[in-house]
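Content type PDB, C-alpha atoms, from the file data_29.pdb:
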```pdb
MODEL        1
ATOM      1  CA  LEU Q   1       1.292 -22.696   5.465  1.00  0.00           C
ATOM      2  CA  LEU Q   2       4.951 -21.941   4.575  1.00  0.00           C
ATOM      3  CA  ARG Q   3       4.152 -21.025   0.979  1.00  0.00           C
ATOM      4  CA  ILE Q   4       1.197 -18.895   2.019  1.00  0.00           C
ATOM      5  CA  ALA Q   5       3.135 -17.199   4.816  1.00  0.00           C
ATOM      6  CA  ALA Q   6       6.035 -16.301   2.516  1.00  0.00           C
ATOM      7  CA  ALA Q   7       3.706 -15.012  -0.196  1.00  0.00           C
ATOM      8  CA  TRP Q   8       1.725 -12.989   2.321  1.00  0.00           C
ATOM      9  CA  GLY Q   9       4.898 -11.483   3.779  1.00  0.00           C
ATOM     10  CA  LEU Q  10       5.981 -10.352   0.314  1.00  0.00           C
ATOM     11  CA  GLY Q  11       3.109  -7.870   0.324  1.00  0.00           C
ATOM     12  CA  THR Q  12       4.869  -5.869   3.012  1.00  0.00           C
ATOM     13  CA  PHE Q  13       7.851  -5.405   0.714  1.00  0.00           C
ATOM     14  CA  ALA Q  14       5.491  -3.615  -1.671  1.00  0.00           C
ATOM     15  CA  THR Q  15       3.762  -1.440   0.917  1.00  0.00           C
ATOM     16  CA  THR Q  16       6.951  -0.362   2.688  1.00  0.00           C
ATOM     17  CA  THR Q  17       8.629   0.383  -0.642  1.00  0.00           C
ATOM     18  CA  ILE Q  18       5.778   2.740  -1.514  1.00  0.00           C
ATOM     19  CA  LEU Q  19       5.677   4.393   1.901  1.00  0.00           C
ATOM     20  CA  ASN Q  20       9.408   4.954   2.176  1.00  0.00           C
ATOM     21  CA  GLY Q  21       9.855   5.901  -1.463  1.00  0.00           C
ATOM     22  CA  ILE Q  22       7.282   8.654  -1.073  1.00  0.00           C
ATOM     23  CA  ALA Q  23       8.700   9.740   2.284  1.00  0.00           C
ATOM     24  CA  ALA Q  24      12.280   9.865   0.987  1.00  0.00           C
ATOM     25  CA  VAL Q  25      11.825  11.341  -2.474  1.00  0.00           C
ATOM     26  CA  LEU Q  26       8.421  12.902  -3.144  1.00  0.00           C
ATOM     27  CA  ILE Q  27       8.705  16.176  -1.235  1.00  0.00           C
ATOM     28  CA  TYR Q  28      12.159  16.819  -2.728  1.00  0.00           C
ATOM     29  CA  TYR Q  29      10.838  16.060  -6.203  1.00  0.00           C
ATOM     30  CA  LEU Q  30       7.815  18.328  -5.866  1.00  0.00           C
ATOM     31  CA  VAL Q  31       9.753  21.263  -4.400  1.00  0.00           C
ATOM     32  CA  ASN Q  32      13.097  21.110  -6.209  1.00  0.00           C
ATOM     33  CA  VAL Q  33      12.156  19.540  -9.538  1.00  0.00           C
ATOM     34  CA  VAL Q  34       8.495  20.423 -10.139  1.00  0.00           C
ATOM     35  CA  LYS Q  35       9.018  23.750  -8.300  1.00  0.00           C
ATOM     36  CA  LEU Q  36       5.918  23.629  -6.126  1.00  0.00           C
ATOM     37  CA  ASP Q  37       5.725  25.931  -3.137  1.00  0.00           C
ATOM     38  CA  PRO Q  38       7.108  23.946  -0.158  1.00  0.00           C
ATOM     39  CA  LEU Q  39       4.122  24.769   2.046  1.00  0.00           C
ATOM     40  CA  ALA Q  40       1.669  23.726  -0.648  1.00  0.00           C
ATOM     41  CA  ALA Q  41       3.551  20.498  -1.382  1.00  0.00           C
ATOM     42  CA  GLY Q  42       3.638  19.628   2.304  1.00  0.00           C
ATOM     43  CA  ALA Q  43      -0.058  20.429   2.656  1.00  0.00           C
ATOM     44  CA  LEU Q  44      -0.933  18.092  -0.221  1.00  0.00           C
ATOM     45  CA  ILE Q  45       1.000  15.218   1.338  1.00  0.00           C
ATOM     46  CA  PHE Q  46      -0.413  15.924   4.808  1.00  0.00           C
ATOM     47  CA  GLY Q  47      -3.926  16.032   3.371  1.00  0.00           C
ATOM     48  CA  ALA Q  48      -3.405  12.634   1.796  1.00  0.00           C
ATOM     49  CA  LYS Q  49      -2.310  11.175   5.120  1.00  0.00           C
ATOM     50  CA  LEU Q  50      -5.305  12.733   6.851  1.00  0.00           C
ATOM     51  CA  LEU Q  51      -7.656  11.294   4.246  1.00  0.00           C
ATOM     52  CA  ASP Q  52      -6.440   7.802   5.070  1.00  0.00           C
ATOM     53  CA  VAL Q  53      -7.936   8.163   8.564  1.00  0.00           C
ATOM     54  CA  PHE Q  54     -11.387   8.379   6.993  1.00  0.00           C
ATOM     55  CA  VAL Q  55     -10.865   5.833   4.218  1.00  0.00           C
ATOM     56  CA  SER Q  56      -9.535   2.907   6.260  1.00  0.00           C
ATOM     57  CA  PRO Q  57     -12.574   2.084   8.481  1.00  0.00           C
ATOM     58  CA  PRO Q  58     -15.032   1.835   5.549  1.00  0.00           C
ATOM     59  CA  MET Q  59     -12.492  -0.275   3.670  1.00  0.00           C
ATOM     60  CA  GLY Q  60     -12.300  -2.673   6.599  1.00  0.00           C
ATOM     61  CA  MET Q  61     -16.081  -3.007   6.789  1.00  0.00           C
ATOM     62  CA  LEU Q  62     -16.334  -3.492   3.028  1.00  0.00           C
ATOM     63  CA  SER Q  63     -13.716  -6.222   3.181  1.00  0.00           C
ATOM     64  CA  ASP Q  64     -15.538  -7.922   6.061  1.00  0.00           C
ATOM     65  CA  ARG Q  65     -18.752  -8.051   4.033  1.00  0.00           C
ATOM     66  CA  THR Q  66     -17.292  -9.122   0.697  1.00  0.00           C
ATOM     67  CA  ARG Q  67     -18.237 -12.547  -0.652  1.00  0.00           C
ATOM     68  CA  SER Q  68     -16.440 -13.872  -3.709  1.00  0.00           C
ATOM     69  CA  ARG Q  69     -14.820 -16.996  -5.088  1.00  0.00           C
ATOM     70  CA  TRP Q  70     -11.491 -15.445  -4.048  1.00  0.00           C
ATOM     71  CA  GLY Q  71     -12.646 -14.876  -0.483  1.00  0.00           C
ATOM     72  CA  ARG Q  72     -13.164 -11.612   1.386  1.00  0.00           C
ATOM     73  CA  ARG Q  73      -9.659 -10.160   1.326  1.00  0.00           C
ATOM     74  CA  ARG Q  74      -7.869 -11.310  -1.801  1.00  0.00           C
ATOM     75  CA  PRO Q  75     -10.019  -9.541  -4.454  1.00  0.00           C
ATOM     76  CA  TYR Q  76      -8.803  -6.214  -3.087  1.00  0.00           C
ATOM     77  CA  LEU Q  77      -5.186  -7.367  -3.162  1.00  0.00           C
ATOM     78  CA  PHE Q  78      -5.599  -8.101  -6.872  1.00  0.00           C
ATOM     79  CA  GLY Q  79      -7.307  -4.859  -7.850  1.00  0.00           C
ATOM     80  CA  ALA Q  80      -5.170  -2.585  -5.689  1.00  0.00           C
ATOM     81  CA  SER Q  81      -1.911  -4.002  -7.043  1.00  0.00           C
ATOM     82  CA  PHE Q  82      -2.333  -2.293 -10.424  1.00  0.00           C
ATOM     83  CA  LEU Q  83      -3.601   0.966  -8.939  1.00  0.00           C
ATOM     84  CA  CYS Q  84      -0.810   1.196  -6.355  1.00  0.00           C
ATOM     85  CA  GLY Q  85       1.846   0.774  -9.012  1.00  0.00           C
ATOM     86  CA  LEU Q  86       0.126   3.313 -11.265  1.00  0.00           C
ATOM     87  CA  ALA Q  87      -0.273   5.846  -8.440  1.00  0.00           C
ATOM     88  CA  PHE Q  88       3.407   5.661  -7.530  1.00  0.00           C
ATOM     89  CA  ALA Q  89       4.422   6.184 -11.150  1.00  0.00           C
ATOM     90  CA  LEU Q  90       2.068   9.143 -11.632  1.00  0.00           C
ATOM     91  CA  LEU Q  91       3.325  10.899  -8.511  1.00  0.00           C
ATOM     92  CA  PHE Q  92       6.781  11.159 -10.076  1.00  0.00           C
ATOM     93  CA  SER Q  93       5.606  11.851 -13.627  1.00  0.00           C
ATOM     94  CA  VAL Q  94       4.181  15.355 -13.416  1.00  0.00           C
ATOM     95  CA  PRO Q  95       4.331  16.599 -17.037  1.00  0.00           C
ATOM     96  CA  ALA Q  96       6.610  19.554 -17.727  1.00  0.00           C
ATOM     97  CA  GLY Q  97       4.937  22.688 -18.972  1.00  0.00           C
ATOM     98  CA  LEU Q  98       1.747  22.424 -16.918  1.00  0.00           C
ATOM     99  CA  GLY Q  99       0.368  25.530 -15.274  1.00  0.00           C
ATOM    100  CA  THR Q 100       0.453  25.823 -11.499  1.00  0.00           C
ATOM    101  CA  ALA Q 101      -3.197  24.864 -11.051  1.00  0.00           C
ATOM    102  CA  ALA Q 102      -2.777  21.840 -13.330  1.00  0.00           C
ATOM    103  CA  VAL Q 103       0.279  20.694 -11.390  1.00  0.00           C
ATOM    104  CA  TYR Q 104      -1.667  20.888  -8.142  1.00  0.00           C
ATOM    105  CA  GLY Q 105      -4.521  18.995  -9.782  1.00  0.00           C
ATOM    106  CA  TRP Q 106      -2.225  16.269 -11.122  1.00  0.00           C
ATOM    107  CA  THR Q 107      -0.441  15.849  -7.788  1.00  0.00           C
ATOM    108  CA  GLY Q 108      -3.659  15.898  -5.780  1.00  0.00           C
ATOM    109  CA  ALA Q 109      -5.319  13.330  -8.041  1.00  0.00           C
ATOM    110  CA  ALA Q 110      -2.267  11.057  -7.907  1.00  0.00           C
ATOM    111  CA  LEU Q 111      -2.159  11.325  -4.114  1.00  0.00           C
ATOM    112  CA  LEU Q 112      -5.876  10.505  -3.931  1.00  0.00           C
ATOM    113  CA  LEU Q 113      -5.350   7.428  -6.092  1.00  0.00           C
ATOM    114  CA  TYR Q 114      -2.397   6.453  -3.922  1.00  0.00           C
ATOM    115  CA  VAL Q 115      -4.339   6.754  -0.652  1.00  0.00           C
ATOM    116  CA  VAL Q 116      -7.362   4.819  -1.883  1.00  0.00           C
ATOM    117  CA  SER Q 117      -5.394   2.055  -3.613  1.00  0.00           C
ATOM    118  CA  TYR Q 118      -2.896   1.673  -0.762  1.00  0.00           C
ATOM    119  CA  THR Q 119      -5.730   1.384   1.760  1.00  0.00           C
ATOM    120  CA  ALA Q 120      -7.598  -1.060  -0.477  1.00  0.00           C
ATOM    121  CA  PHE Q 121      -4.556  -3.328  -0.323  1.00  0.00           C
ATOM    122  CA  GLN Q 122      -3.261  -2.739   3.194  1.00  0.00           C
ATOM    123  CA  VAL Q 123      -6.460  -3.063   5.232  1.00  0.00           C
ATOM    124  CA  PRO Q 124      -7.610  -6.457   3.876  1.00  0.00           C
ATOM    125  CA  TYR Q 125      -3.976  -7.581   3.757  1.00  0.00           C
ATOM    126  CA  MET Q 126      -3.407  -6.957   7.457  1.00  0.00           C
ATOM    127  CA  ALA Q 127      -6.639  -8.749   8.353  1.00  0.00           C
ATOM    128  CA  MET Q 128      -5.432 -12.006   6.810  1.00  0.00           C
ATOM    129  CA  PRO Q 129      -2.924 -13.381   9.395  1.00  0.00           C
ATOM    130  CA  ALA Q 130      -5.531 -13.609  12.156  1.00  0.00           C
ATOM    131  CA  GLU Q 131      -7.665 -15.728   9.835  1.00  0.00           C
ATOM    132  CA  MET Q 132      -4.961 -17.992   8.432  1.00  0.00           C
ATOM    133  CA  THR Q 133      -4.455 -19.963  11.627  1.00  0.00           C
ATOM    134  CA  ASP Q 134      -5.567 -20.155  15.245  1.00  0.00           C
ATOM    135  CA  ASP Q 135      -2.135 -21.287  16.417  1.00  0.00           C
ATOM    136  CA  TYR Q 136      -0.071 -18.607  18.188  1.00  0.00           C
ATOM    137  CA  HIS Q 137       3.277 -19.972  16.995  1.00  0.00           C
ATOM    138  CA  GLU Q 138       2.130 -20.245  13.381  1.00  0.00           C
ATOM    139  CA  ARG Q 139       0.959 -16.643  13.502  1.00  0.00           C
ATOM    140  CA  THR Q 140       4.366 -15.657  14.833  1.00  0.00           C
ATOM    141  CA  ARG Q 141       6.031 -17.408  11.886  1.00  0.00           C
ATOM    142  CA  VAL Q 142       3.684 -15.654   9.466  1.00  0.00           C
ATOM    143  CA  MET Q 143       4.564 -12.256  10.943  1.00  0.00           C
ATOM    144  CA  THR Q 144       8.266 -13.116  10.822  1.00  0.00           C
ATOM    145  CA  TRP Q 145       8.041 -13.213   7.039  1.00  0.00           C
ATOM    146  CA  ARG Q 146       6.446  -9.770   7.145  1.00  0.00           C
ATOM    147  CA  VAL Q 147       9.278  -8.337   9.243  1.00  0.00           C
ATOM    148  CA  GLY Q 148      11.880  -9.763   6.882  1.00  0.00           C
ATOM    149  CA  PHE Q 149      10.249  -8.331   3.774  1.00  0.00           C
ATOM    150  CA  MET Q 150       9.638  -5.052   5.593  1.00  0.00           C
ATOM    151  CA  THR Q 151      13.390  -4.645   6.055  1.00  0.00           C
ATOM    152  CA  VAL Q 152      13.990  -5.137   2.336  1.00  0.00           C
ATOM    153  CA  GLY Q 153      11.169  -2.757   1.463  1.00  0.00           C
ATOM    154  CA  ASN Q 154      12.540  -0.097   3.773  1.00  0.00           C
ATOM    155  CA  MET Q 155      15.900  -0.263   2.010  1.00  0.00           C
ATOM    156  CA  MET Q 156      14.269  -0.249  -1.401  1.00  0.00           C
ATOM    157  CA  GLY Q 157      12.220   2.851  -0.613  1.00  0.00           C
ATOM    158  CA  VAL Q 158      14.837   4.879   1.242  1.00  0.00           C
ATOM    159  CA  ALA Q 159      17.965   3.907  -0.702  1.00  0.00           C
ATOM    160  CA  GLY Q 160      16.776   2.171  -3.855  1.00  0.00           C
ATOM    161  CA  CYS Q 161      14.514   4.945  -5.157  1.00  0.00           C
ATOM    162  CA  PRO Q 162      17.187   7.691  -4.946  1.00  0.00           C
ATOM    163  CA  ALA Q 163      19.749   5.293  -6.412  1.00  0.00           C
ATOM    164  CA  LEU Q 164      17.501   4.618  -9.397  1.00  0.00           C
ATOM    165  CA  VAL Q 165      16.996   8.351  -9.958  1.00  0.00           C
ATOM    166  CA  ALA Q 166      20.771   8.796  -9.997  1.00  0.00           C
ATOM    167  CA  ALA Q 167      21.231   5.812 -12.302  1.00  0.00           C
ATOM    168  CA  TYR Q 168      18.670   7.214 -14.758  1.00  0.00           C
ATOM    169  CA  GLY Q 169      20.509  10.535 -14.923  1.00  0.00           C
ATOM    170  CA  GLY Q 170      19.189  12.589 -12.012  1.00  0.00           C
ATOM    171  CA  ASP Q 171      17.050  14.919 -14.139  1.00  0.00           C
ATOM    172  CA  ARG Q 172      13.282  15.363 -14.215  1.00  0.00           C
ATOM    173  CA  ALA Q 173      12.783  12.461 -16.604  1.00  0.00           C
ATOM    174  CA  ALA Q 174      14.818  10.231 -14.280  1.00  0.00           C
ATOM    175  CA  TYR Q 175      12.196  10.632 -11.552  1.00  0.00           C
ATOM    176  CA  GLY Q 176       9.510   9.499 -13.958  1.00  0.00           C
ATOM    177  CA  ASP Q 177      11.577   6.498 -15.026  1.00  0.00           C
ATOM    178  CA  MET Q 178      12.169   5.625 -11.385  1.00  0.00           C
ATOM    179  CA  GLY Q 179       8.444   5.933 -10.670  1.00  0.00           C
ATOM    180  CA  TRP Q 180       7.448   3.560 -13.444  1.00  0.00           C
ATOM    181  CA  THR Q 181      10.199   1.081 -12.555  1.00  0.00           C
ATOM    182  CA  VAL Q 182       9.356   0.964  -8.865  1.00  0.00           C
ATOM    183  CA  GLY Q 183       5.638   1.039  -9.634  1.00  0.00           C
ATOM    184  CA  ALA Q 184       6.049  -2.077 -11.774  1.00  0.00           C
ATOM    185  CA  ILE Q 185       8.029  -3.806  -9.011  1.00  0.00           C
ATOM    186  CA  VAL Q 186       5.361  -2.931  -6.443  1.00  0.00           C
ATOM    187  CA  CYS Q 187       2.595  -4.176  -8.724  1.00  0.00           C
ATOM    188  CA  ALA Q 188       4.434  -7.464  -9.346  1.00  0.00           C
ATOM    189  CA  ALA Q 189       5.033  -8.026  -5.630  1.00  0.00           C
ATOM    190  CA  MET Q 190       1.388  -7.380  -4.781  1.00  0.00           C
ATOM    191  CA  LEU Q 191       0.206  -9.693  -7.540  1.00  0.00           C
ATOM    192  CA  ALA Q 192       2.578 -12.381  -6.247  1.00  0.00           C
ATOM    193  CA  THR Q 193       1.002 -11.958  -2.815  1.00  0.00           C
ATOM    194  CA  PHE Q 194      -2.449 -12.368  -4.310  1.00  0.00           C
ATOM    195  CA  LEU Q 195      -1.460 -15.484  -6.251  1.00  0.00           C
ATOM    196  CA  GLY Q 196       0.613 -17.029  -3.472  1.00  0.00           C
ATOM    197  CA  THR Q 197      -2.100 -16.749  -0.822  1.00  0.00           C
ATOM    198  CA  ARG Q 198      -4.530 -18.816  -2.838  1.00  0.00           C
ATOM    199  CA  GLY Q 199      -6.023 -21.398  -0.506  1.00  0.00           C
ATOM    200  CA  ALA Q 200      -5.353 -19.357   2.638  1.00  0.00           C
ATOM    201  CA  ARG Q 201      -7.878 -20.113   5.343  1.00  0.00           C
ATOM    202  CA  GLU Q 202     -10.546 -17.577   6.230  1.00  0.00           C
ATOM    203  CA  THR Q 203     -12.611 -17.561   9.401  1.00  0.00           C
ATOM    204  CA  GLY Q 204     -16.298 -16.693   9.471  1.00  0.00           C
ATOM    205  CA  GLY Q 205     -17.546 -13.332   8.331  1.00  0.00           C
ATOM    206  CA  ALA Q 206     -18.043 -10.292  10.499  1.00  0.00           C
ATOM    207  CA  GLY Q 207     -21.011  -8.788   8.700  1.00  0.00           C
ATOM    208  CA  GLU Q 208     -22.630  -7.669  11.921  1.00  0.00           C
ATOM    209  CA  ARG Q 209     -19.752  -5.318  12.729  1.00  0.00           C
ATOM    210  CA  THR Q 210     -20.481  -1.602  12.578  1.00  0.00           C
ATOM    211  CA  ALA Q 211     -18.296   1.487  12.675  1.00  0.00           C
ATOM    212  CA  SER Q 212     -19.571   2.520  16.104  1.00  0.00           C
ATOM    213  CA  ARG Q 213     -18.919  -0.923  17.560  1.00  0.00           C
ATOM    214  CA  GLY Q 214     -15.494  -0.989  15.946  1.00  0.00           C
ATOM    215  CA  PHE Q 215     -14.456   2.344  17.447  1.00  0.00           C
ATOM    216  CA  ALA Q 216     -15.889   1.338  20.829  1.00  0.00           C
ATOM    217  CA  SER Q 217     -13.818  -1.838  20.729  1.00  0.00           C
ATOM    218  CA  LEU Q 218     -10.746   0.192  19.783  1.00  0.00           C
ATOM    219  CA  LEU Q 219     -11.210   2.596  22.688  1.00  0.00           C
ATOM    220  CA  SER Q 220     -11.798  -0.223  25.172  1.00  0.00           C
ATOM    221  CA  ASN Q 221      -8.633  -2.106  24.155  1.00  0.00           C
TER     222      ASN Q 221
ENDMDL
END
```

What is this file in structure tokens?
Amino acid sequence: LLRIAAAWGLGTFATTTILNGIAAVLIYYLVNVVKLDPLAAGALIFGAKLLDVFVSPPMGMLSDRTRSRWGRRRPYLFGASFLCGLAFALLFSVPAGLGTAAVYGWTGAALLLYVVSYTAFQVPYMAMPAEMTDDYHERTRVMTWRVGFMTVGNMMGVAGCPALVAAYGGDRAAYGDMGWTVGAIVCAAMLATFLGTRGARETGGAGERTASRGFASLLSN
């Protein structure tokens, strides 16, 4: 379980790097570098967060019903790894010279890809620890790895992304270089999580679960 727990925890490094990198840098980049209207840039980011509310429950049900040689959860970890890295890179690579409408289109499409790919990774990923073991103490050890990698990811997103921009020169191109660099790191970490959790235990399926029953369970908890 140690190898699986460590590999699973590594996934949180990727997700927190993305979250904090976007939180720390994206709005500044869109407003001060791309020159979007601040209200419009904020609305785009808020809309992406709101969309996640509607995307996550179907993703959970899809994951519950998936049957594959890689299990229910891990196929999504594999596919989402490439898309998450690509989405992060595209968010910071808005081409110069685009018209206003095209810039909004590029940013909106990149945010949509980010929301869908992040959810496709995060929802199945967070369902895995409860299935890996029935032992309370082993689950605690699994989550300890997550907390450790979360700390590193927080630092990478908040401090590492701005530091990379500065190291690449601080201009518009530097944001794109940072996006592709961090996107590649995120993709590699997610792929390592996929590969390292091979053989992780899965409990029985939950195909009978419905959205209404899920929300009722949430409200009753």

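When all atoms listed in the file are used to compute distances to Phe46 of chain Q, the closest of the residues Q:Ala7, Q:Leu164, Q:Cys187, Q:Ile27 turns out to be Q:Ile27.
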
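Minimum atom-to-atom distances from Q:Ala96, Q:Leu112, Q:Ala200, Q:Met190 to Leu50 of chain Q were compared using all atoms listed in the file, and the lowest value belongs to Q:Leu112.
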
Just the residues within 12 Å of segment 60-77 of chain Q, please, counting all atoms listed in the file, with nothing from its chain fewer than 3 positions along; format it as an MDAnalysis selection string. chainID Q and resid 8 11:12 14:15 53:57 80:84 116:129 131:132 186:214

Selected residues, C-alpha atoms, written as an mmCIF file, in the coordinates of the input, please.
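Output file result13.cif is given in full below:
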```
data_model
loop_
_atom_site.group_PDB
_atom_site.id
_atom_site.type_symbol
_atom_site.label_atom_id
_atom_site.label_comp_id
_atom_site.auth_asym_id
_atom_site.auth_seq_id
_atom_site.Cartn_x
_atom_site.Cartn_y
_atom_site.Cartn_z
ATOM 1 C CA TRP Q 8 1.725 -12.989 2.321
ATOM 2 C CA GLY Q 11 3.109 -7.870 0.324
ATOM 3 C CA THR Q 12 4.869 -5.869 3.012
ATOM 4 C CA ALA Q 14 5.491 -3.615 -1.671
ATOM 5 C CA THR Q 15 3.762 -1.440 0.917
ATOM 6 C CA VAL Q 53 -7.936 8.163 8.564
ATOM 7 C CA PHE Q 54 -11.387 8.379 6.993
ATOM 8 C CA VAL Q 55 -10.865 5.833 4.218
ATOM 9 C CA SER Q 56 -9.535 2.907 6.260
ATOM 10 C CA PRO Q 57 -12.574 2.084 8.481
ATOM 11 C CA ALA Q 80 -5.170 -2.585 -5.689
ATOM 12 C CA SER Q 81 -1.911 -4.002 -7.043
ATOM 13 C CA PHE Q 82 -2.333 -2.293 -10.424
ATOM 14 C CA LEU Q 83 -3.601 0.966 -8.939
ATOM 15 C CA CYS Q 84 -0.810 1.196 -6.355
ATOM 16 C CA VAL Q 116 -7.362 4.819 -1.883
ATOM 17 C CA SER Q 117 -5.394 2.055 -3.613
ATOM 18 C CA TYR Q 118 -2.896 1.673 -0.762
ATOM 19 C CA THR Q 119 -5.730 1.384 1.760
ATOM 20 C CA ALA Q 120 -7.598 -1.060 -0.477
ATOM 21 C CA PHE Q 121 -4.556 -3.328 -0.323
ATOM 22 C CA GLN Q 122 -3.261 -2.739 3.194
ATOM 23 C CA VAL Q 123 -6.460 -3.063 5.232
ATOM 24 C CA PRO Q 124 -7.610 -6.457 3.876
ATOM 25 C CA TYR Q 125 -3.976 -7.581 3.757
ATOM 26 C CA MET Q 126 -3.407 -6.957 7.457
ATOM 27 C CA ALA Q 127 -6.639 -8.749 8.353
ATOM 28 C CA MET Q 128 -5.432 -12.006 6.810
ATOM 29 C CA PRO Q 129 -2.924 -13.381 9.395
ATOM 30 C CA GLU Q 131 -7.665 -15.728 9.835
ATOM 31 C CA MET Q 132 -4.961 -17.992 8.432
ATOM 32 C CA VAL Q 186 5.361 -2.931 -6.443
ATOM 33 C CA CYS Q 187 2.595 -4.176 -8.724
ATOM 34 C CA ALA Q 188 4.434 -7.464 -9.346
ATOM 35 C CA ALA Q 189 5.033 -8.026 -5.630
ATOM 36 C CA MET Q 190 1.388 -7.380 -4.781
ATOM 37 C CA LEU Q 191 0.206 -9.693 -7.540
ATOM 38 C CA ALA Q 192 2.578 -12.381 -6.247
ATOM 39 C CA THR Q 193 1.002 -11.958 -2.815
ATOM 40 C CA PHE Q 194 -2.449 -12.368 -4.310
ATOM 41 C CA LEU Q 195 -1.460 -15.484 -6.251
ATOM 42 C CA GLY Q 196 0.613 -17.029 -3.472
ATOM 43 C CA THR Q 197 -2.100 -16.749 -0.822
ATOM 44 C CA ARG Q 198 -4.530 -18.816 -2.838
ATOM 45 C CA GLY Q 199 -6.023 -21.398 -0.506
ATOM 46 C CA ALA Q 200 -5.353 -19.357 2.638
ATOM 47 C CA ARG Q 201 -7.878 -20.113 5.343
ATOM 48 C CA GLU Q 202 -10.546 -17.577 6.230
ATOM 49 C CA THR Q 203 -12.611 -17.561 9.401
ATOM 50 C CA GLY Q 204 -16.298 -16.693 9.471
ATOM 51 C CA GLY Q 205 -17.546 -13.332 8.331
ATOM 52 C CA ALA Q 206 -18.043 -10.292 10.499
ATOM 53 C CA GLY Q 207 -21.011 -8.788 8.700
ATOM 54 C CA GLU Q 208 -22.630 -7.669 11.921
ATOM 55 C CA ARG Q 209 -19.752 -5.318 12.729
ATOM 56 C CA THR Q 210 -20.481 -1.602 12.578
ATOM 57 C CA ALA Q 211 -18.296 1.487 12.675
ATOM 58 C CA SER Q 212 -19.571 2.520 16.104
ATOM 59 C CA ARG Q 213 -18.919 -0.923 17.560
ATOM 60 C CA GLY Q 214 -15.494 -0.989 15.946
#
```

Select, counting only C-alpha atoms, all protein, DNA and RNA residues no farther than 12 Å from (2.3, 10.8, -12.2) in file coordinates, and express the selection as a PyMOL selection string. chain Q and resi 26+29-30+34+83-96+103-114+173+175-180+183

Selection dump of the PyMOL selection byres ((chain Q and resi 140-156) around 6), as number ranges by chain: Q: 5-6, 9-10, 12-13, 16-17, 137-139, 157-160

Go ahead and write the residues just picked, C-alpha atoms, as a CSV table (one decimal), in the coordinates of the input.
```
chain,number,residue,atom,x,y,z
Q,5,ALA,CA,3.1,-17.2,4.8
Q,6,ALA,CA,6.0,-16.3,2.5
Q,9,GLY,CA,4.9,-11.5,3.8
Q,10,LEU,CA,6.0,-10.4,0.3
Q,12,THR,CA,4.9,-5.9,3.0
Q,13,PHE,CA,7.9,-5.4,0.7
Q,16,THR,CA,7.0,-0.4,2.7
Q,17,THR,CA,8.6,0.4,-0.6
Q,137,HIS,CA,3.3,-20.0,17.0
Q,138,GLU,CA,2.1,-20.2,13.4
Q,139,ARG,CA,1.0,-16.6,13.5
Q,157,GLY,CA,12.2,2.9,-0.6
Q,158,VAL,CA,14.8,4.9,1.2
Q,159,ALA,CA,18.0,3.9,-0.7
Q,160,GLY,CA,16.8,2.2,-3.9
```

Would you compute, for all listed atoms of segment 37-46 of chain Q, the axis-aligned bounding box grown by 3 Å on each side, and then report its centre and edge lengths in Å rounded to one decimal, as AutoDock Vina command-line options?
```
--center_x 3.1 --center_y 20.6 --center_z 0.8 --size_x 14.0 --size_y 16.7 --size_z 13.9
```

Mind giving me the straight-line distance from atom CA of Ala24 of chain Q to atom CA of Asp52 of chain Q in Å, one decimal? 19.3 Å

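Closest approach to Cys161 of chain Q from the set Q:Pro38, Q:Gly79, Q:Gly21, Q:Gly47 is made by Q:Gly21, with distances taken over all atoms listed in the file.
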